[in-house]
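Reproduced below: model36.txt, with compact mmCIF, C-alpha atoms and all ligand atoms.
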# COMPACT_ATOMS: atom_id res chain seq x y z
CA MET A 20 4.56 -132.30 -236.34
CA LYS A 21 7.54 -131.36 -234.18
CA PRO A 22 7.55 -132.81 -230.63
CA GLU A 23 7.22 -130.37 -227.74
CA ASP A 24 10.72 -130.62 -226.29
CA PRO A 25 12.99 -132.16 -228.95
CA GLU A 26 16.22 -131.62 -227.01
CA ARG A 27 14.91 -133.52 -224.01
CA LEU A 28 13.52 -136.25 -226.25
CA LEU A 29 16.92 -136.76 -227.87
CA ALA A 30 18.68 -136.79 -224.50
CA ASP A 31 16.16 -139.35 -223.12
CA THR A 32 16.48 -141.55 -226.18
CA ARG A 33 20.27 -141.47 -226.04
CA GLU A 34 20.14 -142.41 -222.39
CA LYS A 35 17.87 -145.38 -223.19
CA TYR A 36 20.28 -146.48 -225.94
CA ARG A 37 23.09 -146.22 -223.39
CA ARG A 38 21.29 -148.19 -220.72
CA PHE A 39 19.11 -150.62 -222.66
CA VAL A 40 20.30 -150.93 -226.27
CA ASN A 41 24.03 -150.65 -226.90
CA PRO A 42 26.27 -148.11 -225.11
CA GLY A 43 29.01 -148.29 -227.77
CA LEU A 44 26.52 -147.64 -230.54
CA GLU A 45 25.12 -144.69 -228.63
CA ARG A 46 28.63 -143.19 -228.35
CA LEU A 47 29.30 -143.75 -232.04
CA MET A 48 26.04 -142.15 -233.15
CA SER A 49 26.37 -139.23 -230.77
CA PHE A 50 29.97 -138.64 -231.88
CA ALA A 51 28.78 -138.50 -235.49
CA GLY A 52 26.24 -135.88 -234.39
CA PHE A 53 23.14 -137.82 -235.40
CA GLY A 54 19.87 -136.53 -233.98
CA LEU A 55 16.51 -138.19 -233.44
CA GLU A 56 14.58 -139.19 -236.55
CA TRP A 57 10.98 -138.10 -236.35
CA GLU A 58 9.19 -138.36 -239.68
CA ALA A 59 9.88 -139.05 -243.32
CA GLU A 60 8.31 -138.47 -246.71
CA GLY A 61 9.59 -139.08 -250.22
CA CYS A 62 13.33 -138.35 -250.34
CA TYR A 63 13.40 -136.53 -247.00
CA VAL A 64 13.86 -137.46 -243.36
CA THR A 65 13.03 -134.87 -240.70
CA ASP A 66 14.56 -134.95 -237.23
CA ALA A 67 12.84 -134.06 -233.98
CA GLU A 68 14.22 -130.51 -234.17
CA GLY A 69 12.46 -130.05 -237.50
CA ASN A 70 15.66 -130.20 -239.61
CA ARG A 71 15.04 -131.79 -243.00
CA TYR A 72 17.61 -134.07 -244.66
CA LEU A 73 17.86 -135.32 -248.22
CA ASP A 74 18.19 -139.08 -247.72
CA CYS A 75 21.10 -140.05 -249.97
CA LEU A 76 21.68 -143.27 -248.02
CA GLY A 77 18.14 -144.52 -248.51
CA GLY A 78 18.35 -146.88 -245.54
CA TYR A 79 21.26 -148.75 -247.21
CA GLY A 80 19.03 -149.48 -250.18
CA VAL A 81 15.70 -149.93 -248.40
CA PHE A 82 14.03 -146.73 -249.59
CA SER A 83 14.15 -147.17 -253.35
CA LEU A 84 10.59 -145.85 -253.54
CA GLY A 85 11.35 -143.11 -251.03
CA HIS A 86 9.72 -142.96 -247.63
CA ARG A 87 6.04 -143.81 -247.30
CA HIS A 88 5.25 -144.16 -250.96
CA PRO A 89 1.45 -143.56 -251.05
CA LYS A 90 0.68 -146.68 -253.12
CA VAL A 91 2.58 -148.97 -250.73
CA VAL A 92 1.11 -147.27 -247.67
CA GLU A 93 -2.41 -147.60 -249.11
CA ALA A 94 -1.96 -151.30 -249.91
CA VAL A 95 -0.59 -151.99 -246.42
CA LYS A 96 -3.34 -150.00 -244.67
CA LYS A 97 -6.04 -151.89 -246.58
CA GLN A 98 -4.49 -155.23 -245.65
CA LEU A 99 -4.03 -154.09 -242.05
CA ASP A 100 -7.76 -153.56 -241.76
CA ARG A 101 -8.52 -157.01 -243.12
CA MET A 102 -5.85 -159.45 -241.95
CA PRO A 103 -2.31 -158.28 -241.12
CA LEU A 104 -0.71 -161.63 -240.29
CA SER A 105 -1.33 -165.08 -241.65
CA SER A 106 -3.06 -167.91 -239.79
CA LYS A 107 -0.21 -170.01 -241.23
CA VAL A 108 -2.79 -172.73 -241.82
CA PHE A 109 -4.97 -171.46 -244.66
CA PHE A 110 -3.74 -170.44 -248.09
CA SER A 111 -2.67 -166.81 -248.34
CA LYS A 112 -3.58 -164.93 -251.51
CA PRO A 113 -1.09 -162.05 -251.03
CA LEU A 114 1.78 -164.54 -250.60
CA ALA A 115 0.79 -166.50 -253.71
CA ASP A 116 0.34 -163.31 -255.74
CA LEU A 117 3.75 -161.94 -254.76
CA ALA A 118 5.49 -165.24 -255.58
CA GLU A 119 3.80 -165.28 -258.99
CA ARG A 120 4.74 -161.65 -259.69
CA LEU A 121 8.35 -162.17 -258.61
CA ALA A 122 8.69 -165.18 -260.92
CA ALA A 123 7.54 -162.97 -263.80
CA VAL A 124 10.10 -160.19 -263.23
CA VAL A 125 13.29 -162.09 -262.33
CA PRO A 126 15.74 -163.29 -264.97
CA GLY A 127 15.78 -166.90 -266.16
CA ASP A 128 13.84 -169.69 -264.57
CA LEU A 129 13.66 -168.58 -260.93
CA GLN A 130 10.13 -169.86 -260.59
CA TYR A 131 9.85 -170.52 -256.86
CA SER A 132 10.06 -168.16 -253.89
CA PHE A 133 10.65 -168.64 -250.19
CA LEU A 134 9.49 -165.43 -248.54
CA CYS A 135 11.17 -164.13 -245.41
CA ASN A 136 11.80 -160.89 -243.54
CA SER A 137 15.40 -159.80 -244.15
CA GLY A 138 18.50 -160.21 -246.27
CA THR A 139 20.33 -162.49 -243.90
CA GLU A 140 17.35 -164.85 -243.72
CA ALA A 141 17.18 -164.93 -247.51
CA VAL A 142 20.86 -165.90 -247.68
CA GLU A 143 20.48 -168.54 -244.93
CA ALA A 144 17.67 -170.11 -246.94
CA ALA A 145 19.77 -170.07 -250.11
CA ILE A 146 22.63 -171.83 -248.32
CA LYS A 147 20.34 -174.52 -246.93
CA ILE A 148 18.52 -175.05 -250.21
CA ALA A 149 21.81 -175.29 -252.11
CA ARG A 150 23.16 -177.85 -249.67
CA LYS A 151 20.02 -179.95 -249.85
CA ALA A 152 19.75 -179.77 -253.63
CA THR A 153 23.40 -180.59 -254.38
CA HIS A 154 24.31 -182.81 -251.39
CA LYS A 155 27.49 -180.72 -251.20
CA SER A 156 28.57 -178.22 -248.55
CA LYS A 157 31.41 -176.14 -249.97
CA PHE A 158 30.68 -172.52 -250.89
CA VAL A 159 32.95 -170.11 -252.69
CA CYS A 160 32.41 -166.48 -251.71
CA THR A 161 34.28 -163.22 -252.17
CA ILE A 162 36.56 -161.15 -249.98
CA GLY A 163 34.73 -157.95 -249.00
CA GLY A 164 31.37 -159.53 -249.85
CA PHE A 165 28.53 -158.93 -247.43
CA HIS A 166 25.57 -161.25 -247.00
CA GLY A 167 24.35 -160.62 -243.44
CA LYS A 168 25.35 -161.35 -239.87
CA SER A 169 23.60 -164.58 -238.86
CA MET A 170 25.93 -167.59 -238.72
CA GLY A 171 25.44 -168.92 -242.26
CA SER A 172 25.43 -165.60 -244.06
CA LEU A 173 28.30 -164.35 -241.88
CA SER A 174 30.24 -167.42 -242.98
CA ALA A 175 29.63 -166.29 -246.56
CA SER A 176 30.58 -162.68 -245.79
CA GLY A 177 34.17 -161.70 -246.37
CA ARG A 178 35.40 -159.32 -243.71
CA GLU A 179 37.43 -160.65 -240.79
CA VAL A 180 36.47 -157.94 -238.32
CA PHE A 181 32.90 -159.28 -238.27
CA ARG A 182 33.82 -162.94 -238.69
CA ALA A 183 36.76 -163.56 -236.35
CA PRO A 184 34.93 -162.91 -233.03
CA PHE A 185 32.49 -165.72 -233.88
CA ASP A 186 34.85 -168.46 -234.96
CA PRO A 187 34.28 -171.28 -235.59
CA LEU A 188 31.78 -170.30 -238.27
CA VAL A 189 29.91 -172.74 -240.53
CA PRO A 190 32.57 -174.92 -242.19
CA GLY A 191 33.08 -175.15 -245.93
CA PHE A 192 33.21 -171.46 -246.90
CA VAL A 193 36.22 -170.19 -248.84
CA HIS A 194 36.82 -166.64 -250.03
CA VAL A 195 38.51 -165.38 -253.17
CA PRO A 196 39.20 -161.84 -254.42
CA PHE A 197 36.12 -160.30 -256.06
CA GLY A 198 36.47 -159.76 -259.80
CA ASP A 199 39.39 -162.18 -260.18
CA ILE A 200 38.19 -165.05 -262.35
CA ASP A 201 41.46 -167.01 -262.06
CA SER A 202 41.14 -167.25 -258.27
CA MET A 203 37.51 -168.23 -258.68
CA ARG A 204 38.53 -170.92 -261.16
CA GLU A 205 41.05 -172.34 -258.70
CA ALA A 206 38.53 -172.40 -255.85
CA VAL A 207 35.43 -173.85 -257.53
CA ASP A 208 35.67 -177.63 -257.82
CA ASP A 209 33.40 -180.65 -258.01
CA GLU A 210 32.81 -180.45 -254.24
CA THR A 211 31.36 -176.94 -254.53
CA ALA A 212 27.65 -176.57 -253.76
CA GLY A 213 27.58 -172.97 -254.91
CA VAL A 214 29.21 -169.63 -255.48
CA ILE A 215 27.61 -166.84 -253.44
CA ILE A 216 28.19 -163.46 -255.00
CA GLU A 217 26.84 -159.91 -255.30
CA PRO A 218 26.65 -158.44 -258.82
CA ILE A 219 28.23 -155.29 -257.37
CA GLN A 220 29.72 -155.47 -253.89
CA GLY A 221 27.71 -153.05 -251.77
CA GLU A 222 29.22 -153.07 -248.29
CA GLY A 223 32.58 -154.02 -249.83
CA GLY A 224 32.74 -150.46 -251.17
CA ILE A 225 30.51 -150.33 -254.28
CA VAL A 226 32.90 -152.52 -256.25
CA ILE A 227 31.95 -153.21 -259.86
CA PRO A 228 33.58 -156.36 -261.26
CA PRO A 229 35.31 -156.34 -264.68
CA ASP A 230 32.99 -156.78 -267.67
CA GLY A 231 32.22 -160.42 -268.32
CA TYR A 232 33.19 -161.58 -264.81
CA LEU A 233 29.71 -162.65 -263.70
CA ARG A 234 29.18 -164.47 -266.99
CA GLN A 235 32.45 -166.32 -266.53
CA VAL A 236 31.50 -167.24 -262.96
CA ALA A 237 28.17 -168.55 -264.26
CA GLU A 238 29.94 -170.69 -266.88
CA LEU A 239 32.35 -172.01 -264.27
CA CYS A 240 29.44 -172.99 -262.02
CA ARG A 241 27.76 -174.87 -264.87
CA ALA A 242 30.99 -176.71 -265.69
CA ARG A 243 31.42 -177.84 -262.06
CA SER A 244 27.75 -178.54 -261.32
CA ALA A 245 27.86 -175.81 -258.68
CA LEU A 246 24.97 -173.41 -258.19
CA LEU A 247 25.24 -169.73 -258.95
CA ILE A 248 23.72 -167.95 -255.95
CA VAL A 249 23.37 -164.25 -256.63
CA ASP A 250 22.74 -161.92 -253.71
CA GLU A 251 20.62 -159.06 -255.06
CA VAL A 252 19.58 -157.85 -251.60
CA GLN A 253 21.15 -154.46 -252.29
CA THR A 254 21.44 -154.37 -256.10
CA GLY A 255 17.96 -155.71 -256.85
CA LEU A 256 14.78 -153.92 -257.93
CA GLY A 257 16.22 -151.09 -259.99
CA ARG A 258 19.10 -149.93 -257.83
CA THR A 259 21.76 -150.33 -260.56
CA GLY A 260 19.66 -148.95 -263.41
CA ARG A 261 18.26 -152.36 -264.38
CA MET A 262 15.70 -154.41 -262.50
CA PHE A 263 18.48 -156.77 -261.32
CA GLY A 264 22.24 -156.38 -261.20
CA VAL A 265 22.80 -159.63 -263.14
CA GLU A 266 20.90 -158.19 -266.11
CA HIS A 267 23.92 -156.07 -266.99
CA GLU A 268 25.59 -159.33 -268.02
CA GLY A 269 22.59 -161.41 -269.02
CA VAL A 270 23.33 -163.93 -266.27
CA GLU A 271 20.66 -166.37 -265.03
CA PRO A 272 21.29 -167.56 -261.45
CA ASP A 273 20.13 -170.82 -259.89
CA LEU A 274 19.25 -169.07 -256.65
CA MET A 275 18.74 -165.40 -255.96
CA THR A 276 18.16 -163.42 -252.78
CA LEU A 277 16.18 -160.20 -252.37
CA ALA A 278 15.28 -157.99 -249.40
CA LYS A 279 15.80 -154.32 -248.49
CA SER A 280 13.63 -152.47 -251.05
CA LEU A 281 11.25 -155.42 -251.59
CA GLY A 282 8.95 -154.14 -248.83
CA GLY A 283 8.73 -150.72 -250.49
CA GLY A 284 10.35 -149.01 -247.52
CA VAL A 285 7.24 -149.72 -245.48
CA ILE A 286 7.34 -153.36 -244.29
CA PRO A 287 10.42 -155.63 -243.90
CA ALA A 288 10.44 -158.31 -246.60
CA GLY A 289 12.90 -160.74 -248.13
CA ALA A 290 12.86 -163.56 -250.66
CA THR A 291 14.97 -166.47 -251.82
CA MET A 292 14.14 -167.54 -255.34
CA GLY A 293 15.19 -170.71 -257.13
CA THR A 294 14.80 -172.73 -260.29
CA PRO A 295 12.70 -175.92 -260.30
CA ALA A 296 15.90 -177.96 -260.68
CA VAL A 297 17.08 -176.64 -257.30
CA TRP A 298 13.78 -176.24 -255.50
CA GLU A 299 12.20 -179.59 -256.19
CA PRO A 300 14.95 -181.77 -254.71
CA ALA A 301 15.29 -179.37 -251.75
CA PHE A 302 11.64 -179.49 -250.72
CA ALA A 303 10.47 -182.81 -252.23
CA GLU A 304 10.76 -185.05 -249.16
CA ASN A 305 9.58 -182.49 -246.65
CA PRO A 306 7.86 -179.24 -247.70
CA LEU A 307 8.47 -177.84 -244.21
CA ILE A 308 12.23 -178.43 -244.31
CA HIS A 309 12.65 -174.65 -244.26
CA SER A 310 10.00 -172.19 -243.08
CA SER A 311 9.41 -168.88 -241.29
CA THR A 312 6.59 -167.75 -239.02
CA PHE A 313 6.43 -164.21 -240.37
CA GLY A 314 7.94 -164.73 -243.82
CA GLY A 315 5.58 -163.69 -246.60
CA ASN A 316 3.07 -162.27 -244.15
CA PRO A 317 0.13 -160.48 -245.79
CA LEU A 318 1.40 -156.98 -244.98
CA ALA A 319 4.83 -157.68 -246.45
CA ALA A 320 3.35 -159.46 -249.45
CA VAL A 321 1.01 -156.61 -250.42
CA ALA A 322 3.87 -154.15 -249.85
CA GLY A 323 6.02 -156.24 -252.21
CA LEU A 324 3.31 -156.37 -254.85
CA ALA A 325 2.74 -152.61 -254.66
CA THR A 326 6.52 -152.05 -254.87
CA LEU A 327 6.88 -154.06 -258.07
CA GLN A 328 3.90 -152.20 -259.54
CA VAL A 329 5.33 -148.77 -258.65
CA ILE A 330 8.78 -149.63 -260.08
CA GLU A 331 7.10 -150.51 -263.37
CA GLU A 332 4.54 -147.67 -263.48
CA GLU A 333 7.03 -144.97 -262.56
CA GLY A 334 9.83 -146.34 -264.76
CA LEU A 335 12.17 -146.42 -261.77
CA CYS A 336 14.85 -148.60 -263.41
CA GLU A 337 15.29 -146.06 -266.21
CA ARG A 338 15.12 -143.25 -263.72
CA SER A 339 17.81 -144.89 -261.61
CA ALA A 340 20.07 -145.07 -264.68
CA GLN A 341 19.44 -141.43 -265.65
CA MET A 342 19.70 -139.89 -262.19
CA GLY A 343 22.71 -142.11 -261.48
CA GLU A 344 24.51 -140.65 -264.52
CA ARG A 345 23.74 -137.13 -263.36
CA LEU A 346 24.87 -137.76 -259.79
CA LEU A 347 28.02 -139.56 -260.93
CA ARG A 348 28.91 -136.69 -263.28
CA GLY A 349 28.40 -134.10 -260.54
CA LEU A 350 30.34 -136.04 -257.91
CA ARG A 351 33.21 -136.60 -260.35
CA ALA A 352 33.39 -132.86 -260.97
CA VAL A 353 33.82 -132.38 -257.20
CA GLN A 354 36.46 -135.14 -257.20
CA ALA A 355 38.45 -133.15 -259.77
CA ASP A 356 38.64 -130.28 -257.25
CA PHE A 357 39.98 -132.54 -254.50
CA PRO A 358 42.34 -134.98 -256.21
CA SER A 359 44.49 -135.56 -253.14
CA HIS A 360 41.50 -136.58 -250.99
CA ILE A 361 39.18 -138.41 -253.41
CA ALA A 362 40.68 -141.37 -255.26
CA GLU A 363 37.63 -142.39 -257.26
CA VAL A 364 33.90 -141.94 -257.73
CA ARG A 365 32.30 -145.08 -259.14
CA GLY A 366 28.91 -146.64 -259.48
CA ARG A 367 26.11 -147.94 -261.60
CA GLY A 368 22.61 -146.48 -261.51
CA LEU A 369 21.96 -145.04 -258.08
CA MET A 370 24.52 -147.23 -256.33
CA ILE A 371 27.47 -144.88 -256.07
CA GLY A 372 30.66 -145.00 -254.01
CA ILE A 373 33.07 -142.17 -253.26
CA VAL A 374 36.51 -143.61 -252.51
CA PHE A 375 38.77 -141.55 -250.25
CA SER A 376 42.55 -141.71 -250.39
CA GLU A 377 42.91 -142.06 -246.63
CA ASP A 378 40.99 -143.53 -243.71
CA ASP A 379 38.83 -141.21 -241.61
CA VAL A 380 38.39 -138.53 -244.32
CA GLY A 381 35.12 -140.14 -245.39
CA GLU A 382 33.84 -140.05 -241.83
CA LEU A 383 34.63 -136.33 -241.56
CA CYS A 384 32.90 -135.73 -244.88
CA VAL A 385 29.78 -137.66 -243.75
CA GLY A 386 29.57 -135.35 -240.71
CA GLN A 387 29.90 -132.27 -242.94
CA LEU A 388 27.23 -133.61 -245.29
CA THR A 389 24.84 -134.22 -242.40
CA ALA A 390 25.39 -130.64 -241.24
CA ARG A 391 24.41 -129.52 -244.76
CA GLY A 392 21.22 -131.56 -244.84
CA VAL A 393 22.33 -134.70 -246.70
CA ILE A 394 22.32 -138.19 -245.18
CA CYS A 395 25.16 -140.52 -246.26
CA ALA A 396 27.24 -143.29 -244.67
CA TYR A 397 30.33 -145.31 -245.29
CA THR A 398 30.21 -148.92 -246.45
CA LEU A 399 30.37 -151.58 -243.75
CA ASN A 400 33.31 -153.57 -245.15
CA ASN A 401 35.27 -150.62 -246.50
CA PRO A 402 35.35 -147.48 -244.35
CA ARG A 403 37.27 -145.59 -247.06
CA VAL A 404 34.17 -145.56 -249.24
CA ILE A 405 31.04 -143.54 -248.60
CA ARG A 406 28.03 -144.45 -250.62
CA MET A 407 25.14 -142.61 -252.17
CA GLU A 408 22.06 -144.76 -252.59
CA PRO A 409 19.21 -142.26 -252.69
CA PRO A 410 15.61 -143.20 -253.49
CA LEU A 411 15.12 -143.97 -257.18
CA ILE A 412 12.45 -141.27 -257.23
CA ILE A 413 15.11 -138.59 -256.66
CA THR A 414 14.71 -135.54 -258.92
CA GLU A 415 17.36 -133.68 -260.95
CA ASP A 416 17.22 -130.76 -258.51
CA GLN A 417 17.72 -133.06 -255.55
CA CYS A 418 20.73 -134.70 -257.30
CA ASP A 419 22.19 -131.24 -257.89
CA PHE A 420 21.59 -130.27 -254.26
CA ALA A 421 23.45 -133.41 -253.12
CA VAL A 422 26.38 -132.60 -255.42
CA SER A 423 26.59 -129.02 -254.24
CA ALA A 424 26.41 -130.13 -250.58
CA PHE A 425 29.17 -132.65 -251.28
CA GLY A 426 31.35 -129.90 -252.79
CA ASP A 427 30.83 -127.70 -249.71
CA ALA A 428 31.36 -130.65 -247.36
CA MET A 429 34.66 -131.44 -249.11
CA SER A 430 35.84 -127.83 -248.85
CA ALA A 431 35.11 -127.86 -245.13
CA THR A 432 36.73 -131.31 -244.69
CA SER A 433 39.82 -130.24 -246.58
CA ALA A 434 40.14 -127.05 -244.51
CA LEU A 435 39.75 -129.09 -241.31
CA LEU A 436 42.46 -131.51 -242.40
CA GLN A 437 44.81 -128.66 -243.22
CA GLU A 438 44.20 -127.18 -239.78
CA LEU A 439 44.87 -130.51 -238.11
CA GLY A 440 47.98 -131.10 -240.22
CA GLY A 441 49.34 -127.63 -239.61
N1 LIG A 501 23.10 -159.18 -248.61
C1 LIG A 501 23.52 -157.98 -249.02
C2 LIG A 501 24.11 -157.84 -250.40
C3 LIG A 501 23.44 -156.87 -248.18
O1 LIG A 501 23.87 -155.66 -248.60
C4 LIG A 501 22.88 -157.03 -246.89
C5 LIG A 501 22.77 -155.90 -245.96
O2 LIG A 501 23.35 -154.86 -246.13
C6 LIG A 501 22.45 -158.31 -246.51
C7 LIG A 501 22.57 -159.36 -247.39
C8 LIG A 501 21.86 -158.53 -245.15
O3 LIG A 501 20.60 -157.97 -245.08
P1 LIG A 501 19.87 -157.74 -243.67
O4 LIG A 501 20.59 -156.63 -242.98
O5 LIG A 501 18.46 -157.39 -244.05
O6 LIG A 501 19.94 -159.03 -242.93
Mind turning this structure into structure tokens?
Ligand code: PLP
Amino acid sequence: MKPEDPERLLADTREKYRRFVNPGLERLMSFAGFGLEWEAEGCYVTDAEGNRYLDCLGGYGVFSLGHRHPKVVEAVKKQLDRMPLSSKVFFSKPLADLAERLAAVVPGDLQYSFLCNSGTEAVEAAIKIARKATHKSKFVCTIGGFHGKSMGSLSASGREVFRAPFDPLVPGFVHVPFGDIDSMREAVDDETAGVIIEPIQGEGGIVIPPDGYLRQVAELCRARSALLIVDEVQTGLGRTGRMFGVEHEGVEPDLMTLAKSLGGGVIPAGATMGTPAVWEPAFAENPLIHSSTFGGNPLAAVAGLATLQVIEEEGLCERSAQMGERLLRGLRAVQADFPSHIAEVRGRGLMIGIVFSEDDVGELCVGQLTARGVICAYTLNNPRVIRMEPPLIITEDQCDFAVSAFGDAMSATSALLQELGG
């Protein structure tokens, strides 16, 4: 239901952002013309004015099941009425069930789970576990990679604009170009605890590595007794057309991180998973060496269980592959009409990036898309790329709507640029 005075509500909320949240962020969001989100269902978000938007950003990968998937909502509501948070003393059945289910769906021997609340926490845990298991502290990561913004995961992330203001970061992290196996080979040595890598760089600009790269990195890790730590926070759970991004290359990591869509778009949830060979030495002396008050709480755990069930029941990995093909084809047809502005459209499954030839064009296009009822955003580490990561439940008609809106948005953007240039 629409609020009574949406204009006033937006103005009040902006003012509160200005005074109590983050004035710069308020300016940025207002400049982009974003309104006040009010409700959401399936693939749509509705603002306070009652305008409906097709959510092609999907909360940066959070809403793989769409908004408020009924099965996740039902599971969470049931748990809410019984016991929302854990005593942290007794055994928790939802936590144990989710850990068991995760072990069954992940590749290889990732038997154990540490459950947490976000991607950055999952990566922090992976770093600590890797250090403890290997007694080494060097990590090789990739330029443009994104793993979160807390100190450890920021140290693993590869974009200076976010890193430099917080120097000195955690020591021991080196960065090599993504997709370049020779640089990786030079960097990984016997002192390396692990390589931290995304199967496809998300915030780096939806960058797909050359075929065979991940497999070669895995072999290199084995040869140097370094751990392969795969960050599937964005790529995991069907996003790329397979359950996990590493499955495209048949790679089995030693540690893997999950978050974003794990909570079904309803409750925040994250997980770090590891093989017995890594887990047992890390936790053997002290089982409380790493823990979290809210991690694996009953609400998040039942949301995670329902999410895995829905992905399977609704065939969302296959759907992601099929709808991804359709969207990619449509967006590439638009690219052909604007060759001087769009350099490339690339992606796998429903993780798609549109690469612009110049800075700022993407931002203009995002504004035009919003005005046409489609939510999109650029990637955090590469402002030249805007991404489409819609819910995996997206229909053919909705894909076609997004493509047509993109075509119109590009026409308007191109006309605007011509005006500015002339
Ligand atoms: N890892 C990857 C691959 C991500 O894309 C992100 C967020 O975009 C993170 C980690 C950090 O997740 P969070 O924002 O939940 O801390």
Quiz item: Residues at most 10 Å from ligand LIG 501 (chain A), using all atoms listed in the file? Could they come as number ranges by chain?
Solution: A: 78-81, 136-143, 164-169, 172-173, 175-176, 216-223, 249-255, 276-280, 287-289, 398-399
Counting all atoms listed in the file, what are the residues of segment 68-178 of chain A within 8 Å of segment 307-323 of chain A, and for each of them which pair of atoms is the nearest and at what distance in Å, to one decimal? Sort the table by chain and rising number, as JSON lines.
{"residue": "A:Val91", "atom": "CA", "partner": "A:Ala322", "partner_atom": "CA", "distance": 5.4}
{"residue": "A:Val92", "atom": "CA", "partner": "A:Ala322", "partner_atom": "CA", "distance": 7.7}
{"residue": "A:Ala94", "atom": "CA", "partner": "A:Val321", "partner_atom": "CA", "distance": 6.1}
{"residue": "A:Val95", "atom": "CA", "partner": "A:Leu318", "partner_atom": "CA", "distance": 5.6}
{"residue": "A:Gln98", "atom": "CA", "partner": "A:Leu318", "partner_atom": "CA", "distance": 6.2}
{"residue": "A:Leu99", "atom": "CA", "partner": "A:Leu318", "partner_atom": "CA", "distance": 6.8}
{"residue": "A:Met102", "atom": "CA", "partner": "A:Pro317", "partner_atom": "CA", "distance": 7.2}
{"residue": "A:Pro103", "atom": "CA", "partner": "A:Leu318", "partner_atom": "CA", "distance": 5.5}
{"residue": "A:Leu104", "atom": "CA", "partner": "A:Asn316", "partner_atom": "CA", "distance": 5.4}
{"residue": "A:Ser105", "atom": "CA", "partner": "A:Asn316", "partner_atom": "CA", "distance": 5.8}
{"residue": "A:Lys107", "atom": "CA", "partner": "A:Thr312", "partner_atom": "CA", "distance": 7.5}
{"residue": "A:Ser111", "atom": "CA", "partner": "A:Pro317", "partner_atom": "CA", "distance": 7.4}
{"residue": "A:Pro113", "atom": "CA", "partner": "A:Ala320", "partner_atom": "CA", "distance": 5.4}
{"residue": "A:Leu114", "atom": "CA", "partner": "A:Ala320", "partner_atom": "CA", "distance": 5.4}
{"residue": "A:Asp116", "atom": "CA", "partner": "A:Ala320", "partner_atom": "CA", "distance": 8.0}
{"residue": "A:Leu117", "atom": "CA", "partner": "A:Ala320", "partner_atom": "CA", "distance": 5.9}
{"residue": "A:Phe133", "atom": "CA", "partner": "A:Gly315", "partner_atom": "CA", "distance": 7.9}
{"residue": "A:Leu134", "atom": "CA", "partner": "A:Gly315", "partner_atom": "CA", "distance": 4.7}
{"residue": "A:Cys135", "atom": "CA", "partner": "A:Gly314", "partner_atom": "CA", "distance": 3.6}
{"residue": "A:Asn136", "atom": "CA", "partner": "A:Gly314", "partner_atom": "CA", "distance": 5.5}
{"residue": "A:Ala144", "atom": "CA", "partner": "A:His309", "partner_atom": "CA", "distance": 7.3}
Exercise. May I ask which of the residues A:Arg367, A:Glu331, A:Ile394, A:Ala149 is the closest one to Gly54 of chain A, counting all atoms listed in the file?
Key: A:Ile394
Residues of segment 263-285 of chain A at most 12 Å from segment 335-341 of chain A: nearest atom pair and distance in Å, all atoms listed in the file, as a tab-separated table:
residue	atom	partner	partner_atom	distance
A:Phe263	CA	A:Cys336	CA	9.2
A:Gly264	CA	A:Cys336	CA	11.0
A:Glu266	CA	A:Cys336	CA	11.7
A:His267	CA	A:Ala340	CA	11.9
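Distances here use all atoms listed in the file; by that measure, the residue among A:Val422, A:Val393, A:Leu435, A:Met48 closest to Val64 of chain A is A:Val393.
One distance worth recording is that between atom CA of Pro89 of chain A and atom CA of Arg101 of chain A, which is 18.5 Å.
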Exercise. Would you work out the distance separating atom CA of Thr432 of chain A from atom CA of Phe357 of chain A, expressed in Å to one decimal?
Key: 10.4 Å
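Taking atom CA of Ile405 of chain A as the reference point, atom CA of Leu388 of chain A is found at 11.1 Å.
If you measure from each of A:Phe375, A:Phe39, A:Tyr232, A:Phe82 to Glu60 of chain A using only C-alpha atoms, the closest one turns out to be A:Phe82.
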